[in-house]
Each structure stands twice: as C-alpha cells, then as structure tokens.
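Containing compact mmCIF, C-alpha atoms: model.txt.
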# COMPACT_ATOMS: atom_id res chain seq x y z
CA MET A 665 -8.81 -104.57 132.47
CA TYR A 666 -6.32 -104.78 135.32
CA PHE A 667 -5.81 -101.07 135.87
CA THR A 668 -7.81 -98.15 137.15
CA TYR A 669 -8.89 -95.63 134.58
CA THR A 670 -10.84 -92.41 134.44
CA ILE A 671 -12.70 -91.17 131.37
CA ASN A 672 -12.73 -87.42 130.84
CA VAL A 673 -14.65 -85.63 128.10
CA ALA A 674 -12.49 -82.92 126.55
CA ASP A 675 -13.85 -79.47 125.81
CA PRO A 676 -15.34 -79.56 122.28
CA SER A 677 -13.47 -76.36 121.44
CA THR A 678 -10.08 -77.99 122.14
CA ALA A 679 -8.00 -78.15 118.97
CA TYR A 680 -6.45 -81.44 117.89
CA HIS A 681 -2.89 -80.18 118.27
CA SER A 682 -3.75 -79.29 121.88
CA LEU A 683 -5.07 -82.80 122.49
CA VAL A 684 -1.85 -84.26 121.13
CA ALA A 685 0.14 -81.98 123.43
CA LEU A 686 -1.86 -83.23 126.44
CA VAL A 687 -0.52 -86.72 125.74
CA ALA A 688 2.96 -85.85 124.46
CA GLU A 689 4.13 -83.50 127.21
CA ASP A 690 6.19 -84.76 130.13
CA ASN A 691 3.54 -83.63 132.60
CA ARG A 692 0.82 -85.07 130.41
CA GLN A 693 -2.78 -84.93 131.55
CA TYR A 694 -3.92 -88.00 129.61
CA ASP A 695 -2.45 -91.37 128.71
CA ILE A 696 -4.81 -92.15 125.84
CA ILE A 697 -7.01 -90.00 123.65
CA LEU A 698 -9.89 -91.49 121.69
CA SER A 699 -10.78 -89.20 118.81
CA ASN A 700 -10.63 -88.85 115.05
CA ILE A 701 -7.16 -87.34 115.14
CA VAL A 702 -5.45 -87.63 111.79
CA MET A 703 -1.95 -89.08 111.68
CA THR A 704 0.52 -86.50 110.42
CA SER A 705 4.30 -86.60 110.28
CA ASP A 706 4.60 -83.99 113.04
CA ARG A 707 2.24 -85.83 115.36
CA MET A 708 3.83 -89.23 114.76
CA VAL A 709 7.10 -87.83 116.11
CA LYS A 710 5.39 -86.95 119.40
CA VAL A 711 2.86 -89.77 119.96
CA ASP A 712 1.94 -93.27 118.80
CA PHE A 713 -1.26 -94.10 116.96
CA SER A 714 -3.29 -97.29 117.12
CA THR A 715 -4.67 -99.10 114.10
CA PRO A 716 -7.62 -97.07 112.74
CA PHE A 717 -10.97 -98.56 113.71
CA HIS A 718 -13.18 -95.94 112.03
CA GLU A 719 -12.56 -94.30 108.67
CA ASP A 720 -13.52 -90.66 108.27
CA THR A 721 -13.27 -88.31 105.30
CA PHE A 722 -13.05 -84.59 104.73
CA ARG A 723 -16.17 -82.85 103.53
CA ILE A 724 -16.95 -79.35 102.30
CA ILE A 725 -19.69 -77.45 104.08
CA THR A 726 -21.31 -74.42 102.44
CA ARG A 727 -24.33 -72.22 102.71
CA LEU A 728 -26.87 -72.42 99.97
CA ASN A 729 -25.39 -70.95 96.82
CA PRO A 730 -24.41 -67.38 97.81
CA TYR A 731 -24.26 -66.34 94.17
CA SER A 732 -27.45 -67.96 92.87
CA SER A 733 -29.86 -65.26 94.01
CA SER A 734 -27.96 -62.43 92.32
CA LEU A 735 -29.32 -62.64 88.80
CA SER A 736 -27.63 -60.22 86.44
CA LEU A 737 -29.09 -58.16 83.62
CA PHE A 738 -27.86 -60.75 81.12
CA SER A 739 -29.23 -63.82 82.93
CA CYS A 740 -32.06 -63.94 80.39
CA PHE A 741 -29.51 -65.10 77.80
CA ASN A 742 -28.36 -68.12 79.85
CA PRO A 743 -30.91 -70.68 78.56
CA PHE A 744 -29.26 -70.59 75.10
CA THR A 745 -25.58 -70.57 74.23
CA TRP A 746 -24.20 -67.58 72.38
CA ASP A 747 -23.88 -69.45 69.08
CA VAL A 748 -27.60 -70.28 69.25
CA TRP A 749 -28.43 -66.62 69.88
CA VAL A 750 -26.28 -65.62 66.90
CA ALA A 751 -28.11 -68.15 64.72
CA ILE A 752 -31.50 -66.83 65.89
CA PHE A 753 -30.56 -63.22 65.14
CA ALA A 754 -29.19 -64.27 61.74
CA VAL A 755 -32.51 -65.98 60.91
CA ILE A 756 -34.42 -62.86 61.98
CA ILE A 757 -32.29 -60.59 59.78
CA TYR A 758 -32.47 -62.98 56.81
CA SER A 759 -36.24 -63.33 57.18
CA SER A 760 -36.65 -59.55 57.36
CA ILE A 761 -34.76 -59.16 54.10
CA ILE A 762 -36.95 -61.77 52.37
CA ILE A 763 -40.15 -60.13 53.65
CA TYR A 764 -38.93 -56.73 52.49
CA VAL A 765 -38.18 -58.03 49.01
CA PHE A 766 -41.58 -59.68 48.65
CA GLU A 767 -43.45 -56.70 50.10
CA HIS A 768 -41.87 -53.96 48.01
CA GLN A 769 -40.92 -55.60 44.73
CA TYR A 770 -43.65 -58.16 44.14
CA ARG A 771 -46.61 -56.64 45.97
CA ASN A 772 -48.89 -56.72 42.91
CA ILE A 773 -48.31 -60.33 41.93
CA GLU A 774 -50.95 -62.64 43.42
CA ASN A 775 -48.77 -65.77 43.36
CA ASN A 776 -46.14 -64.01 45.38
CA GLN A 777 -48.79 -62.95 47.89
CA SER A 778 -49.53 -66.61 48.62
CA GLU A 779 -45.83 -67.35 48.90
CA LEU A 780 -45.49 -64.44 51.31
CA LYS A 781 -48.28 -65.85 53.47
CA THR A 782 -46.51 -69.21 53.50
CA ILE A 783 -43.32 -67.52 54.66
CA PHE A 784 -45.22 -65.67 57.40
CA ILE A 785 -46.82 -68.90 58.62
CA GLY A 786 -43.45 -70.67 58.66
CA LEU A 787 -41.77 -67.84 60.56
CA TYR A 788 -44.67 -67.69 63.02
CA ALA A 789 -44.39 -71.43 63.69
CA LEU A 790 -40.62 -71.13 64.10
CA GLY A 791 -41.10 -68.24 66.53
CA MET A 792 -43.60 -70.22 68.61
CA ILE A 793 -41.21 -73.18 68.80
CA LEU A 794 -38.31 -70.94 69.87
CA VAL A 795 -40.43 -69.23 72.53
CA ALA A 796 -41.56 -72.60 73.92
CA ILE A 797 -37.98 -73.93 74.03
CA TYR A 798 -36.69 -70.72 75.62
CA THR A 799 -39.41 -70.71 78.29
CA ALA A 800 -38.74 -74.34 79.23
CA ASN A 801 -34.97 -73.85 79.37
CA PHE A 802 -35.23 -70.62 81.35
CA SER A 803 -37.54 -72.22 83.93
CA SER A 804 -35.12 -75.14 84.25
CA PHE A 805 -32.19 -72.73 84.61
CA LEU A 806 -33.86 -70.80 87.43
CA THR A 807 -34.81 -74.00 89.27
CA LEU A 808 -31.34 -75.55 89.06
CA ASN A 809 -29.58 -72.29 89.83
CA ARG A 810 -31.53 -71.94 93.07
CA GLY A 811 -31.39 -75.54 94.25
CA GLN A 812 -27.90 -76.78 93.47
CA SER A 813 -24.82 -76.34 95.62
CA PHE A 814 -22.29 -74.07 93.96
CA ILE A 815 -19.40 -76.36 95.00
CA SER A 816 -19.37 -79.98 93.90
CA GLY A 817 -15.92 -80.93 95.19
CA VAL A 818 -12.43 -79.85 96.13
CA ASP A 819 -11.54 -79.23 92.47
CA ASP A 820 -13.96 -76.29 92.45
CA ILE A 821 -12.00 -74.75 95.33
CA LYS A 822 -8.69 -75.39 93.56
CA ASN A 823 -10.05 -73.72 90.43
CA GLY A 824 -10.96 -70.58 92.37
CA LEU A 825 -14.75 -70.90 92.23
CA VAL A 826 -14.74 -69.35 95.71
CA PRO A 827 -12.15 -66.74 96.77
CA PHE A 828 -9.57 -68.35 99.04
CA SER A 829 -10.12 -65.57 101.58
CA ARG A 830 -13.71 -66.80 102.00
CA ILE A 831 -12.81 -70.43 102.70
CA GLY A 832 -12.66 -71.10 106.43
CA ILE A 833 -10.00 -73.51 107.70
CA VAL A 834 -9.36 -74.45 111.33
CA THR A 835 -5.68 -73.73 111.95
CA ASN A 836 -3.23 -76.27 113.39
CA SER A 837 -5.32 -79.20 112.19
CA ALA A 838 -5.01 -82.02 109.70
CA VAL A 839 -7.38 -80.11 107.44
CA SER A 840 -5.12 -77.06 107.42
CA ASP A 841 -2.14 -79.31 106.62
CA TYR A 842 -4.05 -80.87 103.74
CA TYR A 843 -5.32 -77.50 102.50
CA ILE A 844 -1.89 -75.85 102.54
CA ARG A 845 -0.23 -78.85 100.93
CA ASN A 846 -2.79 -79.42 98.15
CA ILE A 847 -4.75 -76.21 97.57
CA SER A 848 -3.37 -72.89 98.79
CA THR A 849 -1.71 -71.08 101.66
CA HIS A 850 -4.45 -68.46 101.69
CA TYR A 851 -7.63 -68.99 103.71
CA TYR A 852 -9.78 -67.50 106.46
CA SER A 853 -8.38 -68.68 109.78
CA LEU A 854 -10.81 -70.35 112.20
CA SER A 855 -10.17 -71.42 115.77
CA SER A 856 -12.78 -74.18 116.14
CA VAL A 857 -15.50 -76.14 114.38
CA GLU A 858 -18.14 -74.12 116.22
CA GLU A 859 -16.73 -70.96 114.67
CA THR A 860 -16.98 -72.60 111.25
CA TYR A 861 -20.74 -72.85 111.55
CA SER A 862 -21.20 -69.33 112.94
CA ARG A 863 -18.95 -67.75 110.27
CA LEU A 864 -21.00 -69.44 107.57
CA LEU A 865 -24.24 -68.10 109.00
CA ASP A 866 -22.99 -64.51 109.31
CA HIS A 867 -21.63 -64.62 105.72
CA THR A 868 -18.01 -64.14 106.73
CA ILE A 869 -17.04 -67.26 104.75
CA ASP A 870 -18.73 -69.18 101.96
CA ALA A 871 -17.28 -72.65 102.56
CA SER A 872 -15.17 -74.72 104.91
CA ILE A 873 -13.56 -78.16 105.06
CA TRP A 874 -13.68 -80.51 108.03
CA ASP A 875 -14.28 -84.13 109.05
CA SER A 876 -17.60 -85.33 107.69
CA SER A 877 -18.86 -86.89 110.94
CA ILE A 878 -18.16 -83.72 112.94
CA LEU A 879 -19.79 -81.52 110.31
CA GLU A 880 -22.91 -83.67 110.36
CA TYR A 881 -23.05 -83.37 114.14
CA ALA A 882 -22.53 -79.61 114.00
CA VAL A 883 -25.23 -79.06 111.37
CA ASN A 884 -27.73 -81.17 113.29
CA ASN A 885 -27.07 -79.66 116.72
CA TYR A 886 -25.96 -76.03 116.37
Go through the file and emit its structure as structure tokens.
Amino acid sequence: MYFTYTINVADPSTAYHSLVALVAEDNRQYDIILSNIVMTSDRMVKVDFSTPFHEDTFRIITRLNPYSSSLSLFSCFNPFTWDVWVAIFAVIIYSSIIIYVFEHQYRNIENNQSELKTIFIGLYALGMILVAIYTANFSSFLTLNRGQSFISGVDDIKNGLVPFSRIGIVTNSAVSDYYIRNISTHYYSLSSVEETYSRLLDHTIDASIWDSSILEYAVNNY
C-alpha cells in the first residue's frame, strides 16, 4: 500500500446508520468502514459498497420457550386429539350400557355370566393399552414442550406466534428495514445489540432478529 492509514475500532454500540454517516458526511471521520453493513437503497445513495467478501444472514434469538412452563388445567388432554377423546368416551358409554344390560337382565343365566367376564377382560385390556399409550404420549409431550424453541422461523413471527410488541428490533438498521417491509410496523424499539440481549434476559421481549454472526458473539460473550 502506498498510503498512510490508521485503523480505528468503532464503539460497539454505534448503530450502522451512524457508521454510514461517518463516511458520507462532508467532514467525514473515516474513508473506509469494514463491517457487515447491509446494502440498502438509502445507503447506496450516500456511499459506495465493495463486492461482498463474507455472506451473513439474519437469525432469530429467543429465550427458552417463555410459554412452555405455564401448563394449563387442560394440558392433560394434549397427548390425544379431541376426536380420539370423543371416541374413548363413546366406548366407555357404550361399554357401560352393555354391562348394565348383562348385569340386570341376564344375571341368572350362567352362559351370560361367562360372556360378561369376557367383556370385562376385553375392556380391562383395552383400558390398560389406553393408559400405556396416554402415559407415553404425555411424557413425550412434556419433554418436547420443555426442550424445543417456540419459534422455528420468521413465518412464526408473521403468523403472530409472539406479540409484535414483544419482538425487539434495533431501529435504523437493515433488520428494521426488512422487518417493516416484510413483517409489521409494530415492534419493541431497541437502540443496540447489547440492549437486545439484556431485554431478553429481563423478559421485556421474547425474541429479536439480528445478524447471525453478531448474535453468536453476543451470546458467547455477554
């Protein structure tokens, strides 16, 4: 290189639009900025961008499922679908009617007594099978409900799985441009990536979107 240069490390809390301004202004402080600044139409009017040499993607960061620990009174019905529960209750009612008929109308007939025992054995076996299936499904439900993230992608945010007011977005950033353009104009305003992490921990927000590499750094170091 045939010129003198000085490398300065910008304050981590400096927003991207502020970095662009430091290059674009007439009394600019920097000639070049090396960062993962996303090219937007507004920024391209003010500054020039080089050819990208590192690809980065947006990623959603969340706490562990904030809704998984709040089991409701009806959570015990989750292992089976409602049509299965209806079928089970129908079998119980139908079996009760059959037992009543055999008990009260044919109680003195020995052949019917043996048939009644057969029915009891069959119902007992069916009950044991249902209890075993229910126990296995309920254990699996509790395990998955506790361990899985409640957001699998941006479509979950679009579909309102999390209230928009509890999604943190850093304002004046490429992420905010993307969010407003593709998802919603409503969100919890953040000033920096550091605030994203702290707002997640104090339960102010449930999720946020930012560059994957920066989020990995924040999670590992804050």
task = List the neighbours of segment 837-852 of chain A out to 7 Å using only C-alpha atoms; skip same-chain residues closer than 5 positions along the sequence, and give me the result as a ChimeraX atom specification.
result = /A:680-681,702,822,828-832,873-874
Distance in Å - atom CA of Tyr666 of chain A versus atom CA of Val711 of chain A =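 One can read the atom CA of Tyr666 of chain A to atom CA of Val711 of chain A distance as 23.4 Å.
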ask   = Which residues, written as JSON, numbers by chain, have at least one atom at most 12 Å from Ser759 of chain A, with only C-alpha atoms counted and residues fewer than 3 positions away on the same chain left out?
value = {"A": [752, 753, 754, 755, 756, 762, 763, 764, 765, 766, 780, 783, 784, 786, 787, 788, 790, 791]}
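Here atom CA of Arg707 of chain A is placed at a distance of 14.9 Å from atom CA of Thr835 of chain A.
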Nearest candidate to Thr868 of chain A (options A:Thr726, A:Thr668, A:Asp819, A:Met703; using only C-alpha atoms) = A:Thr726
query = How many Å lie between atom CA of Asp870 of chain A and atom CA of Val826 of chain A, rounded to one decimal?
reply =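 According to the coordinates, atom CA of Asp870 of chain A and atom CA of Val826 of chain A are separated by 7.4 Å.
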message = Here is a test: counting all atoms listed in the file, which residue of A:Val687, A:Ile821, A:Val857, A:Ile697 is nearest to Val834 of chain A?
response =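 Using all atoms listed in the file, the shortest distance to Val834 of chain A belongs to A:Val857.
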